[in-house]
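Chemist: So I've got this file, query.pdb, and it contains PDB, C-alpha atoms, pLDDT in the B column:
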ATOM      1  CA  MET A   1       0.000   0.000   0.000  1.00 39.00           C
ATOM      2  CA  PHE A   2       2.732   2.462   0.983  1.00 36.00           C
ATOM      3  CA  ARG A   3       4.721   1.546  -2.116  1.00 38.00           C
ATOM      4  CA  ARG A   4       1.667   2.108  -4.330  1.00 38.00           C
ATOM      5  CA  MET A   5       1.051   5.544  -2.744  1.00 36.00           C
ATOM      6  CA  LEU A   6       4.708   6.507  -3.158  1.00 32.00           C
ATOM      7  CA  GLN A   7       4.545   5.541  -6.841  1.00 40.00           C
ATOM      8  CA  PHE A   8       1.427   7.689  -7.257  1.00 39.00           C
ATOM      9  CA  VAL A   9       3.086  10.718  -5.640  1.00 36.00           C
ATOM     10  CA  VAL A  10       6.277  10.342  -7.692  1.00 37.00           C
ATOM     11  CA  CYS A  11       4.280   9.891 -10.906  1.00 40.00           C
ATOM     12  CA  GLY A  12       2.159  12.972 -10.116  1.00 40.00           C
ATOM     13  CA  ALA A  13       5.234  15.076  -9.412  1.00 40.00           C
ATOM     14  CA  ALA A  14       6.860  13.932 -12.645  1.00 39.00           C
ATOM     15  CA  CYS A  15       3.718  14.829 -14.618  1.00 38.00           C
ATOM     16  CA  ALA A  16       3.639  18.267 -13.027  1.00 38.00           C
ATOM     17  CA  VAL A  17       7.255  18.875 -14.035  1.00 36.00           C
ATOM     18  CA  VAL A  18       6.711  17.662 -17.601  1.00 36.00           C
ATOM     19  CA  LEU A  19       3.411  19.455 -18.174  1.00 36.00           C
ATOM     20  CA  GLY A  20       4.236  22.532 -16.127  1.00 39.00           C
ATOM     21  CA  CYS A  21       2.382  23.859 -13.153  1.00 43.00           C
ATOM     22  CA  GLY A  22       1.012  26.983 -14.811  1.00 43.00           C
ATOM     23  CA  ASN A  23       1.738  30.585 -13.921  1.00 52.00           C
ATOM     24  CA  SER A  24       1.223  30.788 -10.186  1.00 67.00           C
ATOM     25  CA  SER A  25       2.338  34.437 -10.095  1.00 85.00           C
ATOM     26  CA  GLY A  26      -0.798  35.676 -11.861  1.00 92.00           C
ATOM     27  CA  LEU A  27       1.335  37.721 -14.269  1.00 96.00           C
ATOM     28  CA  VAL A  28       0.684  37.829 -18.009  1.00 97.00           C
ATOM     29  CA  PRO A  29       3.012  38.873 -20.844  1.00 97.00           C
ATOM     30  CA  ALA A  30       2.839  42.489 -22.015  1.00 97.00           C
ATOM     31  CA  THR A  31       4.945  43.823 -24.864  1.00 98.00           C
ATOM     32  CA  GLY A  32       5.037  46.795 -27.154  1.00 98.00           C
ATOM     33  CA  LYS A  33       6.947  49.341 -29.147  1.00 98.00           C
ATOM     34  CA  VAL A  34       7.955  52.950 -28.495  1.00 98.00           C
ATOM     35  CA  THR A  35       8.613  55.447 -31.259  1.00 97.00           C
ATOM     36  CA  TYR A  36       9.661  59.078 -30.979  1.00 96.00           C
ATOM     37  CA  ARG A  37       9.277  61.394 -33.958  1.00 95.00           C
ATOM     38  CA  GLY A  38       8.328  58.319 -35.990  1.00 95.00           C
ATOM     39  CA  GLN A  39      11.547  56.420 -35.208  1.00 96.00           C
ATOM     40  CA  PRO A  40      12.077  53.473 -32.819  1.00 97.00           C
ATOM     41  CA  LEU A  41      13.290  54.712 -29.426  1.00 96.00           C
ATOM     42  CA  ALA A  42      16.108  52.410 -28.269  1.00 96.00           C
ATOM     43  CA  GLY A  43      17.274  52.284 -24.660  1.00 95.00           C
ATOM     44  CA  ALA A  44      14.143  53.827 -23.159  1.00 96.00           C
ATOM     45  CA  THR A  45      12.675  52.723 -19.837  1.00 97.00           C
ATOM     46  CA  VAL A  46       8.946  51.971 -19.966  1.00 98.00           C
ATOM     47  CA  THR A  47       7.156  51.936 -16.596  1.00 97.00           C
ATOM     48  CA  PHE A  48       3.621  50.587 -16.079  1.00 98.00           C
ATOM     49  CA  VAL A  49       2.211  52.039 -12.830  1.00 97.00           C
ATOM     50  CA  PRO A  50      -0.993  50.527 -11.401  1.00 96.00           C
ATOM     51  CA  THR A  51      -3.458  52.349  -9.149  1.00 89.00           C
ATOM     52  CA  GLN A  52      -2.612  49.673  -6.565  1.00 89.00           C
ATOM     53  CA  GLY A  53       0.155  47.103  -6.550  1.00 90.00           C
ATOM     54  CA  THR A  54       3.622  46.778  -7.981  1.00 94.00           C
ATOM     55  CA  PRO A  55       4.835  48.667 -11.067  1.00 97.00           C
ATOM     56  CA  ALA A  56       6.254  46.762 -14.041  1.00 97.00           C
ATOM     57  CA  ILE A  57       9.278  47.934 -16.026  1.00 98.00           C
ATOM     58  CA  GLY A  58      10.831  47.194 -19.408  1.00 97.00           C
ATOM     59  CA  VAL A  59      13.622  48.603 -21.556  1.00 97.00           C
ATOM     60  CA  THR A  60      13.342  49.073 -25.309  1.00 97.00           C
ATOM     61  CA  ASP A  61      15.726  47.324 -27.685  1.00 97.00           C
ATOM     62  CA  ASP A  62      17.198  48.752 -30.908  1.00 97.00           C
ATOM     63  CA  ASN A  63      13.806  48.380 -32.607  1.00 98.00           C
ATOM     64  CA  GLY A  64      12.005  50.245 -29.818  1.00 98.00           C
ATOM     65  CA  GLU A  65      10.395  46.996 -28.645  1.00 98.00           C
ATOM     66  CA  PHE A  66       9.974  46.054 -24.990  1.00 98.00           C
ATOM     67  CA  SER A  67       8.457  43.522 -22.628  1.00 98.00           C
ATOM     68  CA  VAL A  68       7.648  44.387 -19.038  1.00 97.00           C
ATOM     69  CA  ASN A  69       8.645  42.586 -15.864  1.00 97.00           C
ATOM     70  CA  THR A  70       7.336  42.863 -12.333  1.00 97.00           C
ATOM     71  CA  ARG A  71      10.267  42.685  -9.976  1.00 93.00           C
ATOM     72  CA  GLU A  72      12.290  39.759 -11.324  1.00 90.00           C
ATOM     73  CA  LEU A  73       9.273  37.987 -12.840  1.00 96.00           C
ATOM     74  CA  ALA A  74       8.303  38.195 -16.497  1.00 96.00           C
ATOM     75  CA  GLY A  75       4.953  39.863 -17.091  1.00 97.00           C
ATOM     76  CA  VAL A  76       2.511  42.134 -15.337  1.00 97.00           C
ATOM     77  CA  ALA A  77      -0.708  41.668 -13.380  1.00 96.00           C
ATOM     78  CA  PRO A  78      -3.912  42.274 -15.357  1.00 96.00           C
ATOM     79  CA  GLY A  79      -5.331  45.748 -14.732  1.00 96.00           C
ATOM     80  CA  ARG A  80      -5.274  49.390 -15.776  1.00 96.00           C
ATOM     81  CA  TYR A  81      -1.936  51.239 -15.848  1.00 98.00           C
ATOM     82  CA  THR A  82      -0.603  54.704 -16.469  1.00 98.00           C
ATOM     83  CA  VAL A  83       2.674  54.606 -18.375  1.00 98.00           C
ATOM     84  CA  GLY A  84       5.847  56.654 -18.163  1.00 97.00           C
ATOM     85  CA  ILE A  85       8.699  56.588 -20.671  1.00 97.00           C
ATOM     86  CA  THR A  86      12.189  58.020 -20.226  1.00 96.00           C
ATOM     87  CA  LYS A  87      15.491  57.796 -22.039  1.00 94.00           C
ATOM     88  CA  ILE A  88      18.323  59.326 -20.080  1.00 87.00           C
ATOM     89  CA  SER A  89      21.632  60.164 -21.740  1.00 82.00           C
ATOM     90  CA  SER A  90      24.779  61.377 -20.054  1.00 71.00           C
ATOM     91  CA  SER A  91      27.383  63.842 -21.275  1.00 67.00           C
ATOM     92  CA  GLY A  92      30.158  61.579 -20.030  1.00 67.00           C
ATOM     93  CA  ASP A  93      30.928  57.961 -19.226  1.00 66.00           C
ATOM     94  CA  THR A  94      31.280  57.374 -15.480  1.00 64.00           C
ATOM     95  CA  SER A  95      31.175  53.562 -15.585  1.00 67.00           C
ATOM     96  CA  ASN A  96      34.940  53.116 -15.090  1.00 74.00           C
ATOM     97  CA  LEU A  97      35.601  55.986 -12.693  1.00 71.00           C
ATOM     98  CA  LYS A  98      37.121  55.335  -9.305  1.00 80.00           C
ATOM     99  CA  PRO A  99      35.855  57.155  -6.202  1.00 82.00           C
ATOM    100  CA  GLU A 100      38.867  59.500  -6.231  1.00 82.00           C
ATOM    101  CA  ASP A 101      38.136  60.375  -9.882  1.00 76.00           C
ATOM    102  CA  MET A 102      34.568  61.269  -8.925  1.00 74.00           C
ATOM    103  CA  LYS A 103      35.850  63.441  -6.073  1.00 78.00           C
ATOM    104  CA  ASN A 104      38.185  65.298  -8.445  1.00 79.00           C
ATOM    105  CA  MET A 105      35.377  65.820 -10.956  1.00 74.00           C
ATOM    106  CA  MET A 106      33.080  67.157  -8.245  1.00 75.00           C
ATOM    107  CA  ALA A 107      35.769  69.484  -6.929  1.00 80.00           C
ATOM    108  CA  SER A 108      36.436  70.874 -10.405  1.00 81.00           C
ATOM    109  CA  GLY A 109      32.734  71.215 -11.236  1.00 76.00           C
ATOM    110  CA  GLN A 110      33.100  68.949 -14.255  1.00 75.00           C
ATOM    111  CA  MET A 111      30.474  66.361 -13.366  1.00 70.00           C
ATOM    112  CA  PRO A 112      28.725  64.755 -16.321  1.00 71.00           C
ATOM    113  CA  THR A 113      25.206  65.970 -16.891  1.00 72.00           C
ATOM    114  CA  SER A 114      22.227  63.864 -17.851  1.00 75.00           C
ATOM    115  CA  LYS A 115      19.151  64.708 -19.845  1.00 78.00           C
ATOM    116  CA  ASN A 116      15.951  63.004 -20.845  1.00 80.00           C
ATOM    117  CA  GLU A 117      15.886  62.511 -24.610  1.00 86.00           C
ATOM    118  CA  CYS A 118      12.068  62.444 -24.594  1.00 89.00           C
ATOM    119  CA  PRO A 119       9.787  65.380 -23.829  1.00 93.00           C
ATOM    120  CA  ALA A 120       9.480  65.782 -20.055  1.00 91.00           C
ATOM    121  CA  LYS A 121       5.727  65.132 -20.016  1.00 95.00           C
ATOM    122  CA  TYR A 122       6.325  61.433 -20.812  1.00 96.00           C
ATOM    123  CA  ALA A 123       8.640  60.848 -17.843  1.00 93.00           C
ATOM    124  CA  ALA A 124       5.891  60.894 -15.213  1.00 93.00           C
ATOM    125  CA  PRO A 125       3.019  58.450 -15.686  1.00 95.00           C
ATOM    126  CA  GLN A 126       0.676  61.064 -14.168  1.00 94.00           C
ATOM    127  CA  THR A 127       1.423  63.575 -16.948  1.00 94.00           C
ATOM    128  CA  SER A 128       2.274  61.344 -19.907  1.00 96.00           C
ATOM    129  CA  GLY A 129      -1.282  60.750 -21.090  1.00 97.00           C
ATOM    130  CA  LEU A 130      -0.222  57.167 -21.828  1.00 98.00           C
ATOM    131  CA  GLU A 131      -2.319  54.264 -20.557  1.00 97.00           C
ATOM    132  CA  ALA A 132      -2.423  50.481 -20.896  1.00 97.00           C
ATOM    133  CA  GLU A 133      -5.204  48.043 -20.090  1.00 97.00           C
ATOM    134  CA  VAL A 134      -3.623  44.631 -19.447  1.00 97.00           C
ATOM    135  CA  THR A 135      -5.956  41.640 -19.738  1.00 96.00           C
ATOM    136  CA  GLY A 136      -5.642  37.915 -19.185  1.00 94.00           C
ATOM    137  CA  ASP A 137      -5.582  37.528 -22.997  1.00 94.00           C
ATOM    138  CA  LYS A 138      -1.906  38.003 -23.881  1.00 91.00           C
ATOM    139  CA  SER A 139      -2.759  38.632 -27.557  1.00 94.00           C
ATOM    140  CA  LYS A 140      -4.367  41.922 -26.459  1.00 96.00           C
ATOM    141  CA  ASN A 141      -1.395  43.006 -24.362  1.00 97.00           C
ATOM    142  CA  VAL A 142       0.632  44.578 -27.161  1.00 98.00           C
ATOM    143  CA  PHE A 143       0.985  48.346 -26.781  1.00 98.00           C
ATOM    144  CA  GLU A 144       2.306  51.001 -29.165  1.00 98.00           C
ATOM    145  CA  PHE A 145       3.383  54.333 -27.749  1.00 98.00           C
ATOM    146  CA  GLN A 146       4.059  57.053 -30.305  1.00 97.00           C
ATOM    147  CA  LEU A 147       5.796  59.985 -28.637  1.00 97.00           C
ATOM    148  CA  SER A 148       5.929  63.451 -30.149  1.00 94.00           C
ATOM    149  CA  ASP A 149       7.117  66.903 -29.114  1.00 91.00           C
TER     150      ASP A 149
END
Could you show the structure in this file as structure tokens?
Modeler:
Amino acid sequence: MFRRMLQFVVCGAACAVVLGCGNSSGLVPATGKVTYRGQPLAGATVTFVPTQGTPAIGVTDDNGEFSVNTRELAGVAPGRYTVGITKISSSGDTSNLKPEDMKNMMASGQMPTSKNECPAKYAAPQTSGLEAEVTGDKSKNVFEFQLSD
């Protein structure tokens, strides 16, 4: 009897692994494309902000395409979102600077500056005018955001 039950449990676990257990996180895929002045916007951060819950974030590739993630998990919870889009560029590369280099730059007033390459209104989801309605049907969760001046 015990052996039979053990076989049943092992077989059930193996089936679950092979077939998959489903998406227990409740997140669904959401993708899209961002263009600015009619051109794909590469390297932009796209933020989906819900009225309640955790925001989801994605970064556009060279074609302006993105997919959003919630924390470290792929996807986003179904619901209504306001969307913010930013692309920050810097006047200098600070990735290889040592702390003493940063101190010297600060002392000389030569710190790199950064700027948003999109109009400022798109940076804040509250002012962007951009929205997304994410549903359980992943085929409907494809969003196009066309930014203009």
Chemist: Could you tell me which residues the PyMOL selection byres ((chain A and resi 47-57) around 6) grabs in this file, written as a list in words?
Modeler: Val46, Gly58, Val68, Asn69, Thr70, Tyr81, Thr82, Val83 and Gly84 of chain A
Chemist: Would you translate the PyMOL selection byres ((chain A and resi 127-131) around 12) into the concrete set of residues it matches in this file, as an MDAnalysis selection string?
Modeler: chainID A and resid 34 46:51 79:86 118:126 132:134 141 143:149
Chemist: Measuring between all atoms listed in the file, which one of A:Asn63, A:Thr113, A:Ser108, A:Asn96 shows the shortest distance to Gly38 of chain A?
Modeler: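 With all atoms listed in the file as the atom set, the closest residue is A:Asn63.
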Chemist: Atom CA of Ser90 of chain A and atom CA of Lys103 of chain A are how many Å apart?
Modeler: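 Separation of atom CA of Ser90 of chain A and atom CA of Lys103 of chain A: 18.0 Å.
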Chemist: Atom CA of Lys87 of chain A and atom CA of Gly43 of chain A, how far apart in Å?
Modeler: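 These two atoms are separated by 6.4 Å.
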Chemist: For a quick check of your reading of the model, name the residues lying within 8 Å of the coordinate (-3.0, 34.4, -19.9), counting only C-alpha atoms, and write them as a ChimeraX atom specification.
Modeler: /A:27-29,135-138
Chemist: Atom CA of Ala44 of chain A and atom CA of Ser25 of chain A are how many Å apart?
Modeler: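 Atom-to-atom, atom CA of Ala44 of chain A and atom CA of Ser25 of chain A are spaced 26.2 Å apart.
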Chemist: Care to translate the PyMOL selection byres ((chain A and resi 65) around 7) into actual residues of this file, as a PyMOL selection string?
Modeler: chain A and resi 32-34+60-61+63-64+66
Chemist: Find, counting all atoms listed in the file, the residue in A:Val142, A:Leu41, A:Ala107, A:Ala77 that gets nearest to Gly26 of chain A.
Modeler: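 Selected residue with least distance to Gly26 of chain A: A:Ala77.
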Chemist: Name all residues at most 12 Å from Leu97 of chain A (count all atoms listed in the file; drop same-chain ones fewer than 6 positions away) and give them as a PyMOL selection string.
Modeler: chain A and resi 103-105+111-112
